[in-house]
Structures are given as C-alpha cells and as structure tokens.
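Structure below is final_28.cif: mmCIF, C-alpha atoms.
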data_start
#
loop_
_atom_site.label_atom_id
_atom_site.label_comp_id
_atom_site.auth_asym_id
_atom_site.auth_seq_id
_atom_site.Cartn_x
_atom_site.Cartn_y
_atom_site.Cartn_z
CA MET A 9 -28.44 -10.68 -20.96
CA THR A 10 -27.40 -14.01 -22.40
CA MET A 11 -24.36 -15.42 -20.68
CA VAL A 12 -21.61 -17.01 -22.74
CA PRO A 13 -21.94 -20.76 -22.02
CA TYR A 14 -18.33 -21.49 -21.02
CA ARG A 15 -16.24 -19.20 -18.85
CA VAL A 16 -12.90 -20.18 -17.37
CA VAL A 17 -9.88 -18.73 -15.65
CA VAL A 18 -6.78 -20.91 -16.03
CA HIS A 19 -4.11 -20.45 -13.35
CA VAL A 20 -0.41 -21.04 -14.02
CA ASP A 21 2.25 -20.45 -11.37
CA GLU A 22 4.99 -22.87 -12.40
CA MET A 23 6.89 -22.67 -15.68
CA ALA A 24 6.53 -26.42 -16.18
CA CYS A 25 2.74 -26.12 -16.32
CA TRP A 26 2.60 -23.84 -19.36
CA PRO A 27 2.46 -26.58 -22.03
CA LEU A 28 -0.48 -28.39 -20.40
CA ALA A 29 -2.28 -25.09 -19.72
CA LEU A 30 -2.07 -24.06 -23.39
CA THR A 31 -3.19 -27.53 -24.48
CA ASN A 32 -6.18 -27.33 -22.16
CA LEU A 33 -7.21 -23.98 -23.61
CA ARG A 34 -6.74 -25.21 -27.17
CA ASN A 35 -8.85 -28.32 -26.51
CA LEU A 36 -11.57 -26.27 -24.86
CA LEU A 37 -11.64 -23.77 -27.70
CA ASN A 38 -11.78 -26.52 -30.32
CA ASP A 39 -14.51 -28.33 -28.41
CA VAL A 40 -16.95 -25.52 -27.61
CA GLY A 41 -16.04 -22.91 -30.23
CA ARG A 42 -14.89 -19.34 -29.91
CA GLU A 43 -18.38 -17.84 -29.69
CA SER A 44 -19.25 -19.98 -26.65
CA LEU A 45 -16.12 -19.22 -24.63
CA ARG A 46 -14.71 -16.52 -22.40
CA ALA A 47 -11.27 -17.66 -21.30
CA GLU A 48 -8.32 -16.08 -19.63
CA LEU A 49 -5.05 -17.37 -18.28
CA VAL A 50 -3.60 -15.71 -15.18
CA ALA A 51 0.09 -16.28 -14.51
CA ASN A 52 1.67 -15.47 -11.18
CA GLY A 53 4.64 -16.78 -9.21
CA PRO A 54 7.72 -17.77 -11.24
CA ALA A 55 5.50 -18.64 -14.24
CA VAL A 56 5.37 -14.97 -15.28
CA ALA A 57 8.86 -15.31 -16.76
CA PHE A 58 7.21 -17.07 -19.69
CA TYR A 59 5.79 -13.71 -20.81
CA ALA A 60 9.16 -11.98 -20.95
CA ASP A 61 10.64 -12.65 -24.32
CA LEU A 62 14.16 -12.03 -23.12
CA PRO A 63 17.38 -14.01 -23.29
CA GLU A 64 17.92 -13.69 -19.55
CA THR A 65 14.67 -15.45 -18.72
CA VAL A 66 15.54 -18.58 -20.68
CA GLU A 67 17.52 -19.85 -17.71
CA LYS A 68 14.27 -19.96 -15.76
CA PHE A 69 12.77 -22.48 -18.19
CA PRO A 70 12.53 -26.17 -17.32
CA SER A 71 15.61 -28.04 -18.49
CA SER A 72 13.39 -30.50 -20.35
CA TRP A 73 12.28 -27.77 -22.75
CA GLN A 74 14.30 -28.32 -25.89
CA GLU A 75 15.41 -25.47 -28.09
CA GLY A 76 12.54 -24.29 -30.21
CA PHE A 77 9.92 -25.61 -27.79
CA TYR A 78 9.51 -22.22 -26.12
CA ARG A 79 9.00 -20.64 -29.57
CA GLU A 80 6.28 -23.20 -30.32
CA LEU A 81 4.53 -22.41 -27.06
CA ILE A 82 4.69 -18.68 -27.72
CA GLY A 83 3.21 -19.34 -31.15
CA GLU A 84 0.42 -21.34 -29.58
CA MET A 85 -0.22 -18.54 -27.06
CA SER A 86 -0.46 -16.00 -29.91
CA GLY A 87 -2.88 -18.25 -31.75
CA LEU A 88 -5.11 -18.56 -28.71
CA HIS A 89 -4.94 -14.81 -28.13
CA SER A 90 -6.05 -14.17 -31.69
CA GLN A 91 -9.10 -16.28 -30.84
CA ASN A 92 -9.96 -14.09 -27.88
CA VAL A 93 -8.18 -15.89 -25.02
CA GLN A 94 -6.74 -13.29 -22.64
CA PHE A 95 -3.27 -13.63 -21.11
CA ILE A 96 -2.67 -11.87 -17.83
CA ALA A 97 0.40 -11.30 -15.65
CA CYS A 98 0.53 -10.46 -11.96
CA ALA A 99 2.46 -7.24 -11.25
CA ASN A 100 3.55 -8.56 -7.83
CA ALA A 101 5.08 -11.60 -9.48
CA LEU A 102 6.83 -9.47 -12.10
CA ARG A 103 8.42 -7.40 -9.34
CA ALA A 104 9.43 -10.48 -7.34
CA ASN A 105 11.06 -11.93 -10.46
CA HIS A 106 12.75 -8.65 -11.48
CA LEU A 107 10.86 -8.45 -14.76
CA ASP A 108 10.02 -5.10 -16.36
CA PRO A 109 6.33 -4.97 -17.39
CA ALA A 110 7.32 -2.79 -20.33
CA ARG A 111 9.35 -5.62 -21.83
CA LEU A 112 6.65 -8.31 -21.82
CA LEU A 113 5.16 -9.69 -25.01
CA PRO A 114 2.66 -7.09 -26.27
CA LEU A 115 -0.36 -9.37 -25.96
CA VAL A 116 0.08 -9.65 -22.19
CA GLN A 117 -2.13 -7.62 -19.89
CA VAL A 118 -0.82 -6.75 -16.41
CA VAL A 119 -3.03 -6.67 -13.30
CA PRO A 120 -1.94 -5.45 -9.86
CA ALA A 121 -2.51 -8.85 -8.20
CA GLY A 122 -3.10 -12.05 -10.14
CA ILE A 123 -4.75 -13.71 -7.16
CA THR A 124 -7.41 -10.99 -6.98
CA GLU A 125 -8.17 -11.46 -10.66
CA ILE A 126 -8.54 -15.23 -10.14
CA VAL A 127 -10.90 -14.77 -7.19
CA ARG A 128 -12.94 -12.03 -8.86
CA LYS A 129 -13.47 -14.04 -12.02
CA GLN A 130 -14.78 -16.99 -10.00
CA HIS A 131 -17.18 -14.66 -8.20
CA GLU A 132 -18.36 -13.53 -11.65
CA GLY A 133 -19.17 -17.14 -12.56
CA TYR A 134 -15.97 -18.31 -14.22
CA ALA A 135 -14.79 -21.86 -13.61
CA TYR A 136 -11.25 -22.32 -12.30
CA VAL A 137 -8.73 -24.76 -13.72
CA LYS A 138 -5.18 -25.32 -12.45
CA PRO A 139 -3.31 -27.48 -14.97
CA MET B 16 -27.16 -9.37 4.21
CA THR B 17 -24.20 -7.78 2.49
CA MET B 18 -21.69 -10.35 1.33
CA VAL B 19 -17.98 -9.71 1.80
CA PRO B 20 -16.68 -8.97 -1.73
CA TYR B 21 -13.80 -11.47 -1.82
CA ARG B 22 -14.02 -14.99 -0.44
CA VAL B 23 -11.41 -17.65 -1.05
CA VAL B 24 -10.31 -21.06 0.12
CA VAL B 25 -6.65 -21.78 -0.64
CA HIS B 26 -5.70 -25.46 -0.86
CA VAL B 27 -2.22 -26.73 0.03
CA ASP B 28 -1.33 -30.42 -0.06
CA GLU B 29 2.40 -30.36 -0.77
CA MET B 30 4.99 -28.82 1.54
CA ALA B 31 6.71 -27.12 -1.39
CA CYS B 32 3.57 -25.08 -2.12
CA TRP B 33 3.44 -23.26 1.22
CA PRO B 34 5.62 -20.28 0.27
CA LEU B 35 3.57 -19.44 -2.83
CA ALA B 36 0.29 -20.01 -0.96
CA LEU B 37 1.26 -17.53 1.75
CA THR B 38 2.45 -15.03 -0.85
CA ASN B 39 -0.87 -15.32 -2.69
CA LEU B 40 -2.79 -14.63 0.52
CA ARG B 41 -0.54 -11.69 1.40
CA ASN B 42 -0.96 -10.15 -2.06
CA LEU B 43 -4.72 -10.62 -1.95
CA LEU B 44 -4.97 -9.08 1.50
CA ASN B 45 -2.81 -6.12 0.50
CA ASP B 46 -4.80 -5.62 -2.69
CA VAL B 47 -8.38 -5.78 -1.46
CA GLY B 48 -8.00 -5.01 2.24
CA ARG B 49 -8.93 -6.93 5.33
CA GLU B 50 -12.51 -5.68 5.48
CA SER B 51 -13.25 -6.98 1.97
CA LEU B 52 -11.85 -10.47 2.45
CA ARG B 53 -12.83 -13.81 3.94
CA ALA B 54 -9.91 -16.18 3.42
CA GLU B 55 -8.93 -19.55 4.71
CA LEU B 56 -6.19 -21.97 3.88
CA VAL B 57 -6.93 -25.69 4.11
CA ALA B 58 -3.95 -28.04 4.32
CA ASN B 59 -4.27 -31.75 3.77
CA GLY B 60 -1.97 -34.50 2.52
CA PRO B 61 1.69 -34.25 3.58
CA ALA B 62 1.41 -30.43 3.74
CA VAL B 63 -0.11 -30.64 7.23
CA ALA B 64 3.38 -31.25 8.66
CA PHE B 65 3.96 -27.51 8.22
CA TYR B 66 1.59 -26.89 11.15
CA ALA B 67 3.50 -29.10 13.57
CA ASP B 68 6.21 -27.03 15.11
CA LEU B 69 8.29 -30.06 15.99
CA PRO B 70 11.89 -31.05 15.34
CA GLU B 71 10.82 -34.39 13.88
CA THR B 72 8.79 -32.77 11.13
CA VAL B 73 11.71 -30.77 9.79
CA GLU B 74 12.82 -33.79 7.80
CA LYS B 75 9.58 -33.54 5.85
CA PHE B 76 10.49 -30.07 4.58
CA PRO B 77 11.78 -29.52 1.04
CA SER B 78 15.56 -29.69 0.95
CA SER B 79 15.63 -26.30 -0.77
CA TRP B 80 14.30 -24.62 2.37
CA GLN B 81 17.29 -23.06 4.01
CA GLU B 82 17.60 -22.77 7.77
CA GLY B 83 15.48 -19.90 9.01
CA PHE B 84 13.16 -20.02 6.01
CA TYR B 85 10.58 -22.13 7.84
CA ARG B 86 10.65 -19.59 10.71
CA GLU B 87 9.98 -16.78 8.23
CA LEU B 88 7.05 -18.66 6.77
CA ILE B 89 5.60 -19.34 10.22
CA GLY B 90 5.97 -15.63 10.96
CA GLU B 91 4.14 -14.79 7.77
CA MET B 92 1.37 -17.27 8.63
CA SER B 93 0.97 -15.66 12.05
CA GLY B 94 0.80 -12.23 10.48
CA LEU B 95 -1.93 -13.35 8.08
CA HIS B 96 -3.82 -15.03 10.91
CA SER B 97 -3.74 -11.80 12.92
CA GLN B 98 -5.45 -10.19 9.91
CA ASN B 99 -8.25 -12.74 10.00
CA VAL B 100 -7.00 -15.42 7.57
CA GLN B 101 -7.95 -18.84 8.94
CA PHE B 102 -5.58 -21.82 8.86
CA ILE B 103 -7.11 -25.26 8.83
CA ALA B 104 -5.72 -28.78 9.08
CA CYS B 105 -7.35 -32.02 7.94
CA ALA B 106 -7.63 -34.57 10.76
CA ASN B 107 -7.35 -37.46 8.30
CA ALA B 108 -4.06 -36.06 7.03
CA LEU B 109 -2.75 -35.57 10.57
CA ARG B 110 -3.47 -39.23 11.33
CA ALA B 111 -1.89 -40.42 8.09
CA ASN B 112 1.23 -38.40 8.90
CA HIS B 113 1.35 -39.48 12.57
CA LEU B 114 0.92 -35.95 13.87
CA ASP B 115 -0.80 -35.23 17.17
CA PRO B 116 -3.44 -32.48 16.75
CA ALA B 117 -2.65 -31.33 20.30
CA ARG B 118 0.86 -30.39 19.26
CA LEU B 119 0.03 -28.16 16.32
CA LEU B 120 0.65 -24.43 16.37
CA PRO B 121 -2.16 -22.87 18.43
CA LEU B 122 -3.57 -20.80 15.57
CA VAL B 123 -4.44 -23.93 13.59
CA GLN B 124 -8.01 -25.18 13.51
CA VAL B 125 -8.64 -28.89 12.84
CA VAL B 126 -11.55 -30.18 10.75
CA PRO B 127 -12.51 -33.86 10.32
CA ALA B 128 -11.90 -33.84 6.55
CA GLY B 129 -10.13 -31.03 4.72
CA ILE B 130 -11.69 -32.01 1.41
CA THR B 131 -15.20 -31.55 2.82
CA GLU B 132 -14.27 -28.08 4.06
CA ILE B 133 -12.91 -27.18 0.61
CA VAL B 134 -16.07 -28.38 -1.15
CA ARG B 135 -18.44 -26.79 1.37
CA LYS B 136 -16.75 -23.40 1.14
CA GLN B 137 -17.08 -23.41 -2.64
CA HIS B 138 -20.77 -24.25 -2.30
CA GLU B 139 -21.03 -21.23 0.03
CA GLY B 140 -19.61 -19.01 -2.71
CA TYR B 141 -15.90 -19.05 -1.95
CA ALA B 142 -13.45 -19.11 -4.84
CA TYR B 143 -10.85 -21.90 -4.88
CA VAL B 144 -7.16 -21.38 -5.47
CA LYS B 145 -4.51 -24.11 -5.57
CA PRO B 146 -1.06 -22.48 -5.57
CA MET C 11 -35.71 -30.26 -6.92
CA THR C 12 -33.52 -30.97 -3.93
CA MET C 13 -29.85 -30.63 -4.76
CA VAL C 14 -27.37 -33.18 -3.44
CA PRO C 15 -25.46 -31.32 -0.70
CA TYR C 16 -21.90 -32.04 -1.91
CA ARG C 17 -20.86 -31.97 -5.56
CA VAL C 18 -17.26 -32.09 -6.71
CA VAL C 19 -15.15 -32.58 -9.78
CA VAL C 20 -11.61 -33.74 -8.98
CA HIS C 21 -8.99 -32.97 -11.62
CA VAL C 22 -5.90 -35.16 -12.15
CA ASP C 23 -3.37 -34.45 -14.87
CA GLU C 24 -0.17 -35.91 -13.43
CA MET C 25 0.32 -39.58 -12.62
CA ALA C 26 1.92 -38.70 -9.28
CA CYS C 27 -1.33 -37.05 -8.11
CA TRP C 28 -3.50 -40.16 -8.33
CA PRO C 29 -2.88 -41.46 -4.78
CA LEU C 30 -3.82 -38.17 -3.13
CA ALA C 31 -6.83 -37.72 -5.43
CA LEU C 32 -8.22 -41.13 -4.49
CA THR C 33 -7.55 -40.45 -0.80
CA ASN C 34 -9.41 -37.15 -1.05
CA LEU C 35 -12.42 -38.85 -2.61
CA ARG C 36 -12.38 -41.63 -0.01
CA ASN C 37 -12.22 -39.13 2.86
CA LEU C 38 -15.03 -37.07 1.37
CA LEU C 39 -17.22 -40.12 0.85
CA ASN C 40 -16.58 -41.37 4.37
CA ASP C 41 -17.26 -37.94 5.81
CA VAL C 42 -20.49 -36.94 4.08
CA GLY C 43 -21.87 -40.30 2.98
CA ARG C 44 -22.79 -41.66 -0.42
CA GLU C 45 -26.29 -40.22 -0.45
CA SER C 46 -25.01 -36.69 0.04
CA LEU C 47 -22.36 -36.76 -2.68
CA ARG C 48 -22.06 -36.42 -6.44
CA ALA C 49 -18.40 -36.86 -7.32
CA GLU C 50 -16.42 -37.40 -10.45
CA LEU C 51 -12.75 -37.50 -11.27
CA VAL C 52 -11.62 -36.16 -14.64
CA ALA C 53 -8.18 -37.23 -15.84
CA ASN C 54 -6.43 -35.51 -18.70
CA GLY C 55 -2.82 -34.94 -19.71
CA PRO C 56 -0.39 -37.81 -19.00
CA ALA C 57 -2.53 -38.94 -16.04
CA VAL C 58 -4.89 -40.82 -18.37
CA ALA C 59 -2.32 -43.63 -18.60
CA PHE C 60 -3.53 -44.70 -15.15
CA TYR C 61 -6.76 -45.93 -16.75
CA ALA C 62 -5.02 -48.21 -19.25
CA ASP C 63 -4.41 -51.50 -17.55
CA LEU C 64 -1.60 -52.42 -19.89
CA PRO C 65 1.99 -53.53 -19.38
CA GLU C 66 3.30 -50.81 -21.69
CA THR C 67 1.86 -48.02 -19.57
CA VAL C 68 3.69 -49.11 -16.44
CA GLU C 69 6.76 -47.24 -17.62
CA LYS C 70 4.75 -44.04 -17.36
CA PHE C 71 4.23 -44.55 -13.63
CA PRO C 72 6.25 -42.61 -11.05
CA SER C 73 9.39 -44.49 -10.09
CA SER C 74 8.41 -44.21 -6.42
CA TRP C 75 5.40 -46.46 -6.98
CA GLN C 76 6.45 -49.84 -5.67
CA GLU C 77 5.22 -53.07 -7.23
CA GLY C 78 1.69 -53.77 -6.10
CA PHE C 79 0.97 -50.12 -5.35
CA TYR C 80 -0.71 -49.55 -8.71
CA ARG C 81 -2.92 -52.62 -8.04
CA GLU C 82 -3.94 -51.15 -4.68
CA LEU C 83 -4.85 -47.85 -6.32
CA ILE C 84 -6.91 -49.60 -8.99
CA GLY C 85 -8.68 -51.49 -6.21
CA GLU C 86 -9.42 -48.24 -4.44
CA MET C 87 -10.72 -46.71 -7.66
CA SER C 88 -13.05 -49.68 -8.17
CA GLY C 89 -14.29 -49.35 -4.61
CA LEU C 90 -15.06 -45.67 -5.10
CA HIS C 91 -16.77 -46.40 -8.41
CA SER C 92 -18.99 -48.98 -6.73
CA GLN C 93 -20.05 -46.17 -4.40
CA ASN C 94 -21.08 -43.98 -7.31
CA VAL C 95 -17.92 -41.94 -7.95
CA GLN C 96 -17.50 -41.48 -11.71
CA PHE C 97 -14.12 -41.80 -13.44
CA ILE C 98 -13.67 -39.93 -16.69
CA ALA C 99 -10.92 -39.81 -19.31
CA CYS C 100 -10.24 -37.07 -21.86
CA ALA C 101 -10.22 -38.40 -25.44
CA ASN C 102 -7.71 -35.74 -26.50
CA ALA C 103 -5.32 -36.92 -23.82
CA LEU C 104 -5.77 -40.56 -24.80
CA ARG C 105 -4.85 -39.69 -28.40
CA ALA C 106 -1.84 -37.61 -27.31
CA ASN C 107 -0.63 -40.53 -25.19
CA HIS C 108 -1.33 -43.17 -27.88
CA LEU C 109 -3.85 -45.03 -25.73
CA ASP C 110 -6.74 -46.93 -27.27
CA PRO C 111 -10.04 -46.00 -25.56
CA ALA C 112 -11.24 -49.57 -26.15
CA ARG C 113 -8.52 -50.92 -23.88
CA LEU C 114 -9.23 -48.80 -20.82
CA LEU C 115 -10.56 -50.30 -17.60
CA PRO C 116 -14.31 -50.89 -18.15
CA LEU C 117 -15.43 -48.49 -15.41
CA VAL C 118 -13.87 -45.52 -17.23
CA GLN C 119 -16.09 -43.16 -19.20
CA VAL C 120 -14.53 -41.20 -22.09
CA VAL C 121 -15.49 -37.61 -22.92
CA PRO C 122 -14.31 -35.66 -26.00
CA ALA C 123 -12.48 -33.00 -23.92
CA GLY C 124 -11.78 -33.35 -20.22
CA ILE C 125 -11.38 -29.61 -19.81
CA THR C 126 -14.90 -28.98 -21.11
CA GLU C 127 -16.30 -31.50 -18.63
CA ILE C 128 -14.43 -29.75 -15.78
CA VAL C 129 -15.73 -26.32 -16.77
CA ARG C 130 -19.30 -27.52 -17.39
CA LYS C 131 -19.52 -29.25 -14.02
CA GLN C 132 -18.43 -26.09 -12.24
CA HIS C 133 -21.10 -24.12 -14.11
CA GLU C 134 -23.59 -26.74 -12.87
CA GLY C 135 -22.56 -26.00 -9.27
CA TYR C 136 -19.84 -28.57 -8.66
CA ALA C 137 -16.83 -27.58 -6.58
CA TYR C 138 -13.39 -28.09 -8.14
CA VAL C 139 -10.47 -29.76 -6.39
CA LYS C 140 -7.00 -30.29 -7.84
CA PRO C 141 -5.03 -32.61 -5.55
#
Would you encode the structure as structure tokens?
Amino acid sequence: MTMVPYRVVVHVDEMACWPLALTNLRNLLNDVGRESLRAELVANGPAVAFYADLPETVEKFPSSWQEGFYRELIGEMSGLHSQNVQFIACANALRANHLDPARLLPLVQVVPAGITEIVRKQHEGYAYVKP
Amino acid sequence: MTMVPYRVVVHVDEMACWPLALTNLRNLLNDVGRESLRAELVANGPAVAFYADLPETVEKFPSSWQEGFYRELIGEMSGLHSQNVQFIACANALRANHLDPARLLPLVQVVPAGITEIVRKQHEGYAYVKP
Amino acid sequence: MTMVPYRVVVHVDEMACWPLALTNLRNLLNDVGRESLRAELVANGPAVAFYADLPETVEKFPSSWQEGFYRELIGEMSGLHSQNVQFIACANALRANHLDPARLLPLVQVVPAGITEIVRKQHEGYAYVKP
C-alpha cells in the first residue's frame, strides 16, 4: 500500500483561530497538491459554533470579524471540502454549546468525541497542527 | 507487548486553557475507557500556577473564573487522576513563577523540563494535543 | 543510522507566543544537550513579523512588550541558532504581511509554506510543540 505523502489533522477549539486554520489548509493544499494530501479539521470546544449556520450563533463570533467575513470563511471551507478536506465536529462540544447536529452545514461530519478523533489520527500517522 | 490503544500528552501553558484541557481529557476517558488510555497532562509556562493550591496564586487566575470555579476544576483534576491520568509540572516553570514544588497539590509530579517530557512522549508514540 | 534522540518542530503563529517558544527551546537544549537535539522553529501567520528587524514591524508587537524586550528575544534567538536551532519563516505569511524576505534577519531560512514544513517534519519523526 502506498501511503499518501502528507497527512494532517488540524485542531480548532477557539472561534478566533478559524481564519488561520483555513489559511494553513489552503497553503498546504496549494503547496503539495490534492493527490498528495489527506487532511481533516476537527473542531471542538466553542469553535464548533462556526459550523452552525444560524443567526443565533453569530453572537459567538469574535467582534473583530466584520460583516461578510464569516461568509468568506464559509466559502473558503466549502472550497477546501470540494478538494477533499474533511470538516469534523465534536458531538460533546455541540451539546455543551446547545447546538443541534441536524442544523449544521451539510458538509460537516459529526464524531462522538473530537479529542478521540485527533488522537486516533495521530496514531494512524497523521501530523497534528494547532493554528 | 500489546500497546494501549490511545496514548496522549496534553500540553497546557496558559491558565485560561485549563478548563478545556480537563474537558478534553474527560471526554476522551469517557469515550475510550480507562483501560484503553494512557494520558498525561504537562503544564509549563504560567499555567503551572494552577497546581499550587495557595492564596497568592489566585491572582494569576483569569478574571473570568468565578469564585468556586477553580475548586470545581481541581475536583475534576482529582477525578481524572483517580482514573489514571497523570498531571505533571515543569520545574523550570515553577522556578520562573516563584512556586515551591513542595507546596503543590500532592497528585502533581514534577519533571526537570516539561518540554522534554512532551517531546519524549511523542517519540514513544503518544499523540500531542494543545487545547 | 543512529537517530538523534530528541527531534522537535516548534510552531509559532502569534507574536505573543515568541517568548514562551524561545524559553521552551532553551529549556530543552539545556536539559538534553546540543548533541542530542534536532530542533527547528517554524513561524507562520502574523508571527513572521518577529523576523523582520525593521522599525515598521514594531507596531505589530504585543503592547505588553516593553522597550528592549524585543532586543532580548532576538539575542536569545541568535544564541539558540548558534547552538544549531533552526529558525524558519513561511513565504506565504511573509507575503500576506507585506514583508520582504530579503530584509529578514540573516539567520532566518524561508520555506515556501510553513505548514508543509511542519507536517513533513512530523512525518520524519519530529515531535510537534505549539507554545
């Protein structure tokens, strides 16, 4: 079995870290190419609110995010997803933040515990990055 | 030798990151079970003040921590420790923060350099998580 | 081939994290010794401004950094570099922050994408630390 050359799990637990996390993934994808990359982003903690495209979550966004900026980030996330980057949410974090998994953006995949996913991926040979 | 399926070193260097770090460990423990987990938390930098159960360290706590919250966190740490999660302090960080190792909570284990412990554990096959 | 016992890539993407990152590297070096260590620090995001020894970047520094503190940190970085710690800048981040690679401190090495360097090093067996 030939292993894909670059494998990474990106961890986001604060809303403010989303822009840099997406930029990191974009730069990695542009640098090594889609065929050479297995990448996933695991969000837990308060950062899961990013996945809930709901008016009531906007208040959880950093005050420095200007109107339209969130839309740009969501667009960037969709673009990365269309190039095979996986986006994952922690079910524990959704519960703690009173977010209904059924109302997340459709591209998001929910796992029981984000932390387990992060640990398992590293055991499978993925690098870890915390932007 | 059969290896324990999940192995993780959790790194905390800011006081504000303690709550999320403990939550991550709790969720991991609940998800995979005690028998499948080797976990330790290494604190260095200003985060080591959390281990010193002393009135004079309270001023180092984030202002958002309401009274009683620190006690809850200490209770949670004790609970995790009783389920085999190790809690480690960096001796360099204790010195830099003028904390006497002899006055730390008894469950805490001191290592000469927290960073060395973090690197060594990864070389031994532990995953790394920085909440 | 005998592998060097300790190998680490330290990731810095916020200016405020530089002091702790340099302290971590110093403590690691003092603890395990130069001959036992391969270490590099990869800066991306806004943290790359640290490498540009220019008056116009000073405004990007944390307001808590007192005059002279940046000079001390640069001195510490030079000392670590003289003991074989590598300091790396992400070209994408330099562009995004309008910094000319030609004007960086001479000890800095530029790579096309810092994130790729971080992932590659982990695949080569380096530990990852995010202070």
List every residue of chain A that has an atom at most 6 Å from any atom of chain B, giving for each one its closest atom pair and the distance in Å to one decimal, counting only C-alpha atoms, sorted by chain and then by ascending residue number, as CSV.
residue,atom,partner,partner_atom,distance
A:Thr124,CA,B:Leu43,CA,5.7
A:Val127,CA,B:Ala142,CA,5.6
A:Gln130,CA,B:Ala142,CA,5.7
Counting only C-alpha atoms, the residue of B:Ala62, B:Leu88, B:Leu52, B:Ala106 that sits nearest Pro127 (chain B): B:Ala106
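The protein and nucleic acid residues lying at most 12 Å from Pro70 (chain A) are Glu22, Met23, Ala24, Cys25, Trp26, Pro27, Pro54, Ala55, Ala57, Phe58, Thr65, Val66, Gln74, Glu75, Phe77 and Tyr78 of chain A, with all atoms listed in the file considered and sequence neighbours fewer than 4 positions away removed.
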Neighbour residues at most 9 Å from (-15.5, -31.5, -16.4) (only C-alpha atoms) as number ranges by chain: C: 19-21, 50-52, 98, 121, 123-132
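Taking CA of Gly83 (chain B) as the reference point, CA of Arg103 (chain A) is found at 23.3 Å.
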